[in-house]
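This is data.cif. It holds mmCIF, C-alpha atoms.
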data_start
loop_
_atom_site.group_PDB
_atom_site.id
_atom_site.type_symbol
_atom_site.label_atom_id
_atom_site.label_comp_id
_atom_site.auth_asym_id
_atom_site.auth_seq_id
_atom_site.Cartn_x
_atom_site.Cartn_y
_atom_site.Cartn_z
ATOM 1 C CA MET S 619 -13.394 10.444 12.637
ATOM 2 C CA LEU S 620 -13.883 7.416 14.921
ATOM 3 C CA PRO S 621 -12.441 3.933 14.288
ATOM 4 C CA GLY S 622 -14.632 2.232 11.694
ATOM 5 C CA ASP S 623 -16.051 5.478 10.300
ATOM 6 C CA PRO S 624 -15.856 5.909 6.504
ATOM 7 C CA PHE S 625 -13.642 8.622 5.087
ATOM 8 C CA PRO S 626 -15.370 11.866 4.116
ATOM 9 C CA PRO S 627 -15.715 12.627 0.399
ATOM 10 C CA LEU S 628 -12.612 14.203 -1.126
ATOM 11 C CA SER S 629 -14.630 17.345 -1.794
ATOM 12 C CA ARG S 630 -14.155 18.136 1.906
ATOM 13 C CA THR S 631 -10.372 18.321 1.592
ATOM 14 C CA TRP S 632 -8.961 21.613 2.854
ATOM 15 C CA GLY S 633 -8.131 23.917 -0.035
ATOM 16 C CA PRO S 634 -4.812 25.496 -1.076
ATOM 17 C CA ASP S 635 -5.504 28.724 0.813
ATOM 18 C CA SER S 636 -6.137 26.979 4.136
ATOM 19 C CA ASP S 637 -3.696 26.389 6.982
ATOM 20 C CA ALA S 638 -3.435 22.689 6.041
ATOM 21 C CA PRO S 639 -3.962 22.255 2.292
ATOM 22 C CA GLY S 640 -4.841 18.678 1.467
ATOM 23 C CA LEU S 641 -6.097 17.727 4.941
ATOM 24 C CA LEU S 642 -9.215 15.553 4.795
ATOM 25 C CA ALA S 643 -9.839 14.045 8.237
ATOM 26 C CA ALA S 644 -8.437 13.433 11.718
ATOM 27 C CA GLY S 645 -8.675 10.384 13.948
ATOM 28 C CA GLY S 646 -9.860 6.914 13.082
ATOM 29 C CA ALA S 647 -7.972 3.636 13.151
ATOM 30 C CA LEU S 648 -4.529 2.974 11.719
ATOM 31 C CA ASP S 649 -4.972 -0.677 10.811
ATOM 32 C CA VAL S 650 -4.654 -2.745 7.640
ATOM 33 C CA GLU S 651 -8.298 -2.359 6.625
ATOM 34 C CA THR S 652 -8.283 1.422 7.088
ATOM 35 C CA LEU S 653 -4.979 1.846 5.245
ATOM 36 C CA GLN S 654 -6.266 -0.313 2.403
ATOM 37 C CA GLU S 655 -9.399 1.811 2.095
ATOM 38 C CA ALA S 656 -7.387 5.040 2.319
ATOM 39 C CA TYR S 657 -4.906 4.202 -0.423
ATOM 40 C CA ALA S 658 -7.676 2.886 -2.667
ATOM 41 C CA ARG S 659 -9.157 6.391 -2.498
ATOM 42 C CA GLY S 660 -5.891 8.311 -2.845
ATOM 43 C CA ILE S 661 -5.640 9.168 0.871
ATOM 44 C CA PHE S 662 -2.605 8.717 3.117
ATOM 45 C CA PRO S 663 -1.751 9.327 6.810
ATOM 46 C CA TRP S 664 0.827 11.922 7.811
ATOM 47 C CA TYR S 665 1.119 13.515 11.241
ATOM 48 C CA ASN S 666 3.439 14.475 14.102
ATOM 49 C CA PRO S 667 3.727 12.728 17.487
ATOM 50 C CA GLN S 668 1.615 15.344 19.274
ATOM 51 C CA GLN S 669 -1.246 15.104 16.758
ATOM 52 C CA PRO S 670 -4.081 12.646 16.129
ATOM 53 C CA THR S 671 -3.853 10.562 12.973
ATOM 54 C CA LEU S 672 -4.268 13.020 10.080
ATOM 55 C CA TRP S 673 -5.410 11.899 6.628
ATOM 56 C CA TRP S 674 -4.453 13.788 3.468
ATOM 57 C CA SER S 675 -5.324 13.951 -0.217
ATOM 58 C CA PRO S 676 -3.567 16.988 -1.704
ATOM 59 C CA ASP S 677 -4.590 18.661 -4.939
ATOM 60 C CA PRO S 678 -2.389 18.971 -6.932
ATOM 61 C CA ARG S 679 -0.614 15.686 -6.280
ATOM 62 C CA MET S 680 3.119 15.147 -6.826
ATOM 63 C CA VAL S 681 3.561 12.279 -9.284
ATOM 64 C CA LEU S 682 6.548 10.705 -10.993
ATOM 65 C CA HIS S 683 5.492 9.275 -14.336
ATOM 66 C CA THR S 684 7.880 6.370 -14.655
ATOM 67 C CA GLN S 685 8.916 7.316 -18.190
ATOM 68 C CA ASP S 686 9.903 10.806 -16.954
ATOM 69 C CA PHE S 687 12.442 9.658 -14.349
ATOM 70 C CA ARG S 688 15.645 11.692 -14.713
ATOM 71 C CA ILE S 689 19.094 10.300 -14.101
ATOM 72 C CA HIS S 690 21.625 13.120 -13.902
ATOM 73 C CA PRO S 691 25.257 12.504 -14.970
ATOM 74 C CA SER S 692 26.629 11.992 -11.460
ATOM 75 C CA LEU S 693 23.925 9.457 -10.612
ATOM 76 C CA LYS S 694 24.481 7.731 -13.950
ATOM 77 C CA LYS S 695 28.121 7.110 -13.014
ATOM 78 C CA THR S 696 27.116 5.906 -9.563
ATOM 79 C CA LEU S 697 24.596 3.460 -11.011
ATOM 80 C CA ARG S 698 27.120 2.053 -13.456
ATOM 81 C CA ARG S 699 29.651 1.473 -10.689
ATOM 82 C CA PHE S 700 26.979 -0.109 -8.535
ATOM 83 C CA GLN S 701 25.868 -2.486 -11.285
ATOM 84 C CA GLN S 702 29.449 -3.531 -12.041
ATOM 85 C CA ASP S 703 30.452 -4.178 -8.436
ATOM 86 C CA LYS S 704 29.773 -7.774 -7.336
ATOM 87 C CA ASP S 705 29.592 -6.556 -3.709
ATOM 88 C CA CYS S 706 26.588 -4.340 -4.517
ATOM 89 C CA GLU S 707 23.008 -5.533 -4.905
ATOM 90 C CA ILE S 708 19.365 -4.540 -4.706
ATOM 91 C CA ARG S 709 17.082 -6.570 -2.478
ATOM 92 C CA ILE S 710 13.313 -6.416 -2.182
ATOM 93 C CA ASP S 711 11.548 -6.979 1.143
ATOM 94 C CA SER S 712 14.520 -8.665 2.821
ATOM 95 C CA ASN S 713 14.116 -6.455 5.919
ATOM 96 C CA PHE S 714 11.114 -4.155 5.642
ATOM 97 C CA ALA S 715 11.038 -3.416 9.373
ATOM 98 C CA ALA S 716 14.637 -2.195 9.355
ATOM 99 C CA VAL S 717 13.948 0.055 6.351
ATOM 100 C CA ILE S 718 10.950 1.816 7.858
ATOM 101 C CA ARG S 719 12.735 2.236 11.190
ATOM 102 C CA GLN S 720 15.714 3.808 9.421
ATOM 103 C CA CYS S 721 13.334 6.091 7.504
ATOM 104 C CA ALA S 722 11.753 7.117 10.809
ATOM 105 C CA GLN S 723 15.132 8.367 12.008
ATOM 106 C CA ALA S 724 15.748 10.504 8.906
ATOM 107 C CA PRO S 725 13.826 13.764 8.322
ATOM 108 C CA ARG S 726 11.903 13.990 5.073
ATOM 109 C CA HIS S 727 13.167 16.497 2.516
ATOM 110 C CA GLY S 728 12.106 19.996 3.521
ATOM 111 C CA GLN S 729 10.804 18.974 6.949
ATOM 112 C CA ASN S 730 12.090 19.118 10.514
ATOM 113 C CA GLY S 731 11.936 15.900 12.469
ATOM 114 C CA THR S 732 10.064 12.782 11.365
ATOM 115 C CA TRP S 733 6.428 12.070 10.567
ATOM 116 C CA ILE S 734 6.923 8.271 10.879
ATOM 117 C CA VAL S 735 5.809 7.982 14.490
ATOM 118 C CA PRO S 736 5.949 4.602 16.322
ATOM 119 C CA ALA S 737 2.273 3.889 15.584
ATOM 120 C CA MET S 738 2.983 4.397 11.866
ATOM 121 C CA VAL S 739 5.941 2.020 12.012
ATOM 122 C CA ASP S 740 3.814 -0.695 13.591
ATOM 123 C CA ALA S 741 0.919 -0.091 11.193
ATOM 124 C CA TYR S 742 3.062 -0.313 8.065
ATOM 125 C CA ILE S 743 4.850 -3.423 9.288
ATOM 126 C CA ASP S 744 1.375 -4.991 9.571
ATOM 127 C CA PHE S 745 0.566 -3.596 6.099
ATOM 128 C CA HIS S 746 3.743 -5.255 4.822
ATOM 129 C CA HIS S 747 2.759 -8.616 6.317
ATOM 130 C CA ALA S 748 -0.627 -8.221 4.608
ATOM 131 C CA GLY S 749 1.180 -7.872 1.263
ATOM 132 C CA TYR S 750 0.609 -4.173 0.561
ATOM 133 C CA ALA S 751 3.831 -2.474 1.717
ATOM 134 C CA HIS S 752 7.279 -3.284 0.336
ATOM 135 C CA SER S 753 10.887 -2.171 0.631
ATOM 136 C CA VAL S 754 13.653 -1.666 -1.915
ATOM 137 C CA GLU S 755 17.064 -1.958 -0.290
ATOM 138 C CA THR S 756 20.563 -0.943 -1.362
ATOM 139 C CA TRP S 757 23.162 -3.432 -0.083
ATOM 140 C CA VAL S 758 26.954 -3.050 -0.196
ATOM 141 C CA LYS S 759 29.298 -5.772 1.075
ATOM 142 C CA GLY S 760 26.490 -7.499 2.931
ATOM 143 C CA GLU S 761 25.261 -4.353 4.675
ATOM 144 C CA MET S 762 22.036 -2.463 3.997
ATOM 145 C CA VAL S 763 23.173 1.120 3.423
ATOM 146 C CA ALA S 764 20.000 2.693 2.000
ATOM 147 C CA GLY S 765 16.433 1.938 1.117
ATOM 148 C CA LEU S 766 12.871 3.079 0.651
ATOM 149 C CA TYR S 767 9.425 1.715 1.275
ATOM 150 C CA PHE S 768 6.251 1.990 -0.747
ATOM 151 C CA VAL S 769 2.674 0.765 -0.953
ATOM 152 C CA ALA S 770 1.412 -1.229 -3.933
ATOM 153 C CA MET S 771 -2.121 -2.212 -4.886
ATOM 154 C CA GLY S 772 -2.328 -3.934 -8.244
ATOM 155 C CA ARG S 773 -0.102 -1.758 -10.427
ATOM 156 C CA ALA S 774 -0.759 1.397 -8.399
ATOM 157 C CA VAL S 775 2.403 2.353 -6.510
ATOM 158 C CA PHE S 776 2.632 4.918 -3.709
ATOM 159 C CA GLY S 777 6.085 6.060 -2.589
ATOM 160 C CA GLU S 778 6.466 6.732 1.126
ATOM 161 C CA SER S 779 9.943 7.505 2.467
ATOM 162 C CA MET S 780 13.627 6.704 2.033
ATOM 163 C CA PHE S 781 16.908 6.789 3.930
ATOM 164 C CA THR S 782 20.587 6.508 3.100
ATOM 165 C CA ARG S 783 23.914 6.264 4.837
ATOM 166 C CA ILE S 784 25.967 6.701 1.644
ATOM 167 C CA THR S 785 25.949 9.261 -1.163
ATOM 168 C CA ASP S 786 23.115 8.547 -3.632
ATOM 169 C CA GLY S 787 22.155 5.334 -1.819
ATOM 170 C CA SER S 788 18.443 6.127 -1.696
ATOM 171 C CA LYS S 789 18.521 7.341 -5.309
ATOM 172 C CA ILE S 790 19.909 3.933 -6.302
ATOM 173 C CA ALA S 791 16.956 2.300 -4.533
ATOM 174 C CA LEU S 792 14.534 4.677 -6.271
ATOM 175 C CA ALA S 793 16.137 3.948 -9.644
ATOM 176 C CA ALA S 794 15.678 0.225 -8.990
ATOM 177 C CA LEU S 795 12.014 0.785 -8.136
ATOM 178 C CA VAL S 796 11.482 2.809 -11.312
ATOM 179 C CA ALA S 797 13.192 0.056 -13.337
ATOM 180 C CA LEU S 798 10.763 -2.505 -11.914
ATOM 181 C CA CYS S 799 7.814 -0.193 -12.525
ATOM 182 C CA ARG S 800 8.836 0.241 -16.149
ATOM 183 C CA ALA S 801 9.346 -3.503 -16.561
ATOM 184 C CA HIS S 802 5.774 -4.142 -15.412
ATOM 185 C CA GLU S 803 4.158 -1.109 -17.109
ATOM 186 C CA VAL S 804 3.394 0.762 -13.896
ATOM 187 C CA PRO S 805 2.441 4.213 -15.227
ATOM 188 C CA GLN S 806 3.128 6.435 -12.244
ATOM 189 C CA LEU S 807 4.702 6.566 -8.814
ATOM 190 C CA ASP S 808 2.799 8.635 -6.261
ATOM 191 C CA CYS S 809 5.132 11.058 -4.457
ATOM 192 C CA GLN S 810 2.352 12.691 -2.390
ATOM 193 C CA GLN S 811 3.817 16.117 -1.590
ATOM 194 C CA VAL S 812 5.409 18.688 -3.906
ATOM 195 C CA THR S 813 9.164 19.082 -3.246
ATOM 196 C CA THR S 814 12.068 20.455 -5.296
ATOM 197 C CA HIS S 815 14.044 17.260 -4.569
ATOM 198 C CA LEU S 816 11.432 15.123 -6.324
ATOM 199 C CA ALA S 817 11.064 17.647 -9.119
ATOM 200 C CA ARG S 818 14.766 17.291 -9.948
ATOM 201 C CA LEU S 819 14.174 13.569 -10.442
ATOM 202 C CA GLY S 820 11.335 14.179 -12.890
ATOM 203 C CA ALA S 821 8.256 14.304 -10.649
ATOM 204 C CA ARG S 822 5.675 17.015 -11.224
ATOM 205 C CA PRO S 823 2.371 18.117 -9.736
ATOM 206 C CA VAL S 824 -0.788 16.932 -11.499
ATOM 207 C CA GLN S 825 -4.436 17.555 -10.776
ATOM 208 C CA ARG S 826 -5.791 15.114 -8.211
ATOM 209 C CA ALA S 827 -8.535 13.962 -10.573
ATOM 210 C CA GLN S 828 -5.919 12.982 -13.157
ATOM 211 C CA PHE S 829 -3.850 11.155 -10.537
ATOM 212 C CA LEU S 830 -6.903 9.302 -9.233
ATOM 213 C CA GLY S 831 -8.035 8.249 -12.706
ATOM 214 C CA THR S 832 -4.670 6.690 -13.528
ATOM 215 C CA MET S 833 -4.343 5.184 -10.062
ATOM 216 C CA GLN S 834 -7.779 3.557 -10.067
ATOM 217 C CA SER S 835 -7.128 1.954 -13.436
ATOM 218 C CA ALA S 836 -3.713 0.651 -12.304
ATOM 219 C CA ARG S 837 -5.120 -0.619 -9.001
ATOM 220 C CA THR S 838 -7.427 -3.086 -10.751
ATOM 221 C CA GLN S 839 -4.593 -4.698 -12.728
ATOM 222 C CA MET S 840 -2.610 -7.783 -11.731
ATOM 223 C CA PRO S 841 -0.092 -7.144 -8.918
ATOM 224 C CA VAL S 842 3.577 -6.742 -9.759
ATOM 225 C CA PRO S 843 5.879 -9.619 -8.730
ATOM 226 C CA TRP S 844 8.234 -7.586 -6.570
ATOM 227 C CA GLU S 845 11.530 -9.269 -7.388
ATOM 228 C CA PHE S 846 14.700 -7.588 -8.613
ATOM 229 C CA HIS S 847 17.247 -9.232 -10.911
ATOM 230 C CA PRO S 848 20.395 -7.617 -12.386
ATOM 231 C CA ASP S 849 18.811 -7.530 -15.846
ATOM 232 C CA SER S 850 16.037 -5.315 -14.421
ATOM 233 C CA TRP S 851 18.429 -2.362 -14.822
ATOM 234 C CA LYS S 852 17.988 -2.460 -18.600
ATOM 235 C CA HIS S 853 14.584 -0.827 -18.210
ATOM 236 C CA LEU S 854 16.300 2.407 -17.175
ATOM 237 C CA GLN S 855 18.131 2.852 -20.469
ATOM 238 C CA GLN S 856 15.744 5.563 -21.672
ATOM 239 C CA ALA S 857 16.501 7.566 -18.526
ATOM 240 C CA TYR S 858 20.172 7.636 -19.453
#
Show the structure stored in the file as structure tokens.
Amino acid sequence: MLPGDPFPPLSRTWGPDSDAPGLLAAGGALDVETLQEAYARGIFPWYNPQQPTLWWSPDPRMVLHTQDFRIHPSLKKTLRRFQQDKDCEIRIDSNFAAVIRQCAQAPRHGQNGTWIVPAMVDAYIDFHHAGYAHSVETWVKGEMVAGLYFVAMGRAVFGESMFTRITDGSKIALAALVALCRAHEVPQLDCQQVTTHLARLGARPVQRAQFLGTMQSARTQMPVPWEFHPDSWKHLQQAY
């Protein structure tokens, strides 16, 4: 794929028995316009430093339906302490660049090294400035201790990566994101790849066609106002 080329049809995605299940294309640009087109079609970039830009659309797709989010007893206690402590807060987009750079230093669950190469960092910072990428940040005593970043188009939300320097810090950020998604009737959170870590939180694989149908409908709806207030936590009550 050359810069400016359209993405191939999803029917060309490598199948589950191939060496790279879910791989659709290689090359192309990594700019705001290309990322916008990719996410609108259920495609995302993911590659190592020694590789060209690789574009993926796995089938099945790992999805967290926001009403299925699981809060286990230990996390429930952590969330209650966090909410009651005046030195603890959730911030949205206060330092997106710092979040993605911290995520780049932390391996993803089940992987060695990082897939957030410098070109990806720069591209998603541009995507953030264009209004499509956001961060949820866990702050304690004026210090950002954990966070995650995601892509949003309308009410379609695509989770990307997270980091933490404290126990359950990134899970607190994820819980805050789910609370906001529930508040604004976001039906699902794209988790991209199947992992046992995500499964323990309630995510499950679904057929790509089902994911795309829900995503395309959500994408055409009014964007979510990405602001977090303490009363946003009430939308997690069902998960308790």
Practice item. Measure the distance from CA of Asn713 in chain S to CA of Ile784 in chain S in Å and round it to one decimal. Key: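 For CA of Asn713 in chain S relative to CA of Ile784 in chain S, the distance reads 18.2 Å.
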Practice item. Take the PyMOL selection byres ((chain S and resi 661) around 10), apply it to the structure above, and return the hits as JSON, numbers by chain. Key: {"S": [625, 628, 640, 641, 642, 643, 653, 654, 655, 656, 657, 658, 659, 660, 662, 663, 664, 673, 674, 675, 676, 810]}
With 6 Å of padding per side, what axis-aligned box (centre and edge lengths, Å, one decimal) covers all the listed atoms of range 686-695 of chain S? Give it as lines of an AutoDock Vina configuration file.
center_x = 19.0
center_y = 10.1
center_z = -13.8
size_x = 30.2
size_y = 18.0
size_z = 18.3
Practice item. List the neighbours of Glu761 in chain S out to 12 Å using all atoms listed in the file; skip same-chain residues closer than 5 positions along the sequence, and give me the result as a list in words. Key: Asp705, Cys706, Glu707, Ile708, Arg709, Ser712, Asn713, Ala716, Glu755, Thr756, Thr782, Arg783 and Ile784 of chain S
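Take the PyMOL selection byres ((chain S and resi 781) around 9) and apply it to this file: it picks S:Val717, S:Ile718, S:Gln720, S:Cys721, S:Ala722, S:Gln723, S:Ala724, S:Pro725, S:Arg726, S:Val763, S:Ala764, S:Gly765, S:Leu766, S:Ser779, S:Met780, S:Thr782, S:Arg783, S:Gly787, S:Ser788.
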How about saving the chosen residues, C-alpha atoms kept, as a JSON list (two decimals), in the coordinates of the input?
[["chain", "number", "residue", "atom", "x", "y", "z"],
["S", 717, "VAL", "CA", 13.95, 0.06, 6.35],
["S", 718, "ILE", "CA", 10.95, 1.82, 7.86],
["S", 720, "GLN", "CA", 15.71, 3.81, 9.42],
["S", 721, "CYS", "CA", 13.33, 6.09, 7.50],
["S", 722, "ALA", "CA", 11.75, 7.12, 10.81],
["S", 723, "GLN", "CA", 15.13, 8.37, 12.01],
["S", 724, "ALA", "CA", 15.75, 10.50, 8.91],
["S", 725, "PRO", "CA", 13.83, 13.76, 8.32],
["S", 726, "ARG", "CA", 11.90, 13.99, 5.07],
["S", 763, "VAL", "CA", 23.17, 1.12, 3.42],
["S", 764, "ALA", "CA", 20.00, 2.69, 2.00],
["S", 765, "GLY", "CA", 16.43, 1.94, 1.12],
["S", 766, "LEU", "CA", 12.87, 3.08, 0.65],
["S", 779, "SER", "CA", 9.94, 7.50, 2.47],
["S", 780, "MET", "CA", 13.63, 6.70, 2.03],
["S", 782, "THR", "CA", 20.59, 6.51, 3.10],
["S", 783, "ARG", "CA", 23.91, 6.26, 4.84],
["S", 787, "GLY", "CA", 22.16, 5.33, -1.82],
["S", 788, "SER", "CA", 18.44, 6.13, -1.70]]
Check your understanding: Nearest to Arg630 in chain S: which of S:Ser753, S:Pro667, S:Asp677, S:Ala774 is it, counting all atoms listed in the file?
Key ->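 Result for the nearest residue to Arg630 in chain S: S:Asp677.
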Check your understanding: Pick the closest to Arg773 in chain S from S:His802, S:Lys695, S:Lys759, S:His683: which is it, counting only C-alpha atoms?
Key -> S:His802
Study note, to complete from the structure: In terms of all atoms listed in the file, the residue from S:Ala770, S:Leu792, S:Ala817, S:Ala801 at minimal distance from Gln839 in chain S is S:Ala770
Practice item. Would you kindly return, as a list in words, each protein, DNA or RNA residue with an atom no farther than 8 Å from any atom of Glu778 in chain S, considering all atoms listed in the file and excluding same-chain residues fewer than 6 positions away? Key: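 In the requested format, the answer is Leu766, Tyr767, Phe768, Val769 and Cys809 of chain S.
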Exercise for review: Provide the CA of Tyr665 in chain S to CA of Trp733 in chain S distance in Å, to one decimal place.
Suggested key: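 Value for the CA of Tyr665 in chain S-CA of Trp733 in chain S distance: 5.5 Å.
This file, filtered with the PyMOL selection byres ((chain S and resi 679) around 9), gives the residues Ser675, Pro676, Asp677, Pro678, Met680, Val681, Asp808, Cys809, Gln810, Gln811, Val812, Arg822, Pro823, Val824, Gln825, Arg826 and Phe829 of chain S.
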Exercise for review: Check the smallest atom-to-atom distance from each of S:Thr671, S:Thr696, S:Thr684, S:Gln702 to Thr785 in chain S using all atoms listed in the file, then report the winner.
Suggested key: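 Looking only at the distances to Thr785 in chain S, the closest residue turns out to be S:Thr696.
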Review point. Interatomic distance between CA of Asp649 in chain S and CA of Tyr750 in chain S?
Key: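 Value for the CA of Asp649 in chain S-CA of Tyr750 in chain S distance: 12.2 Å.
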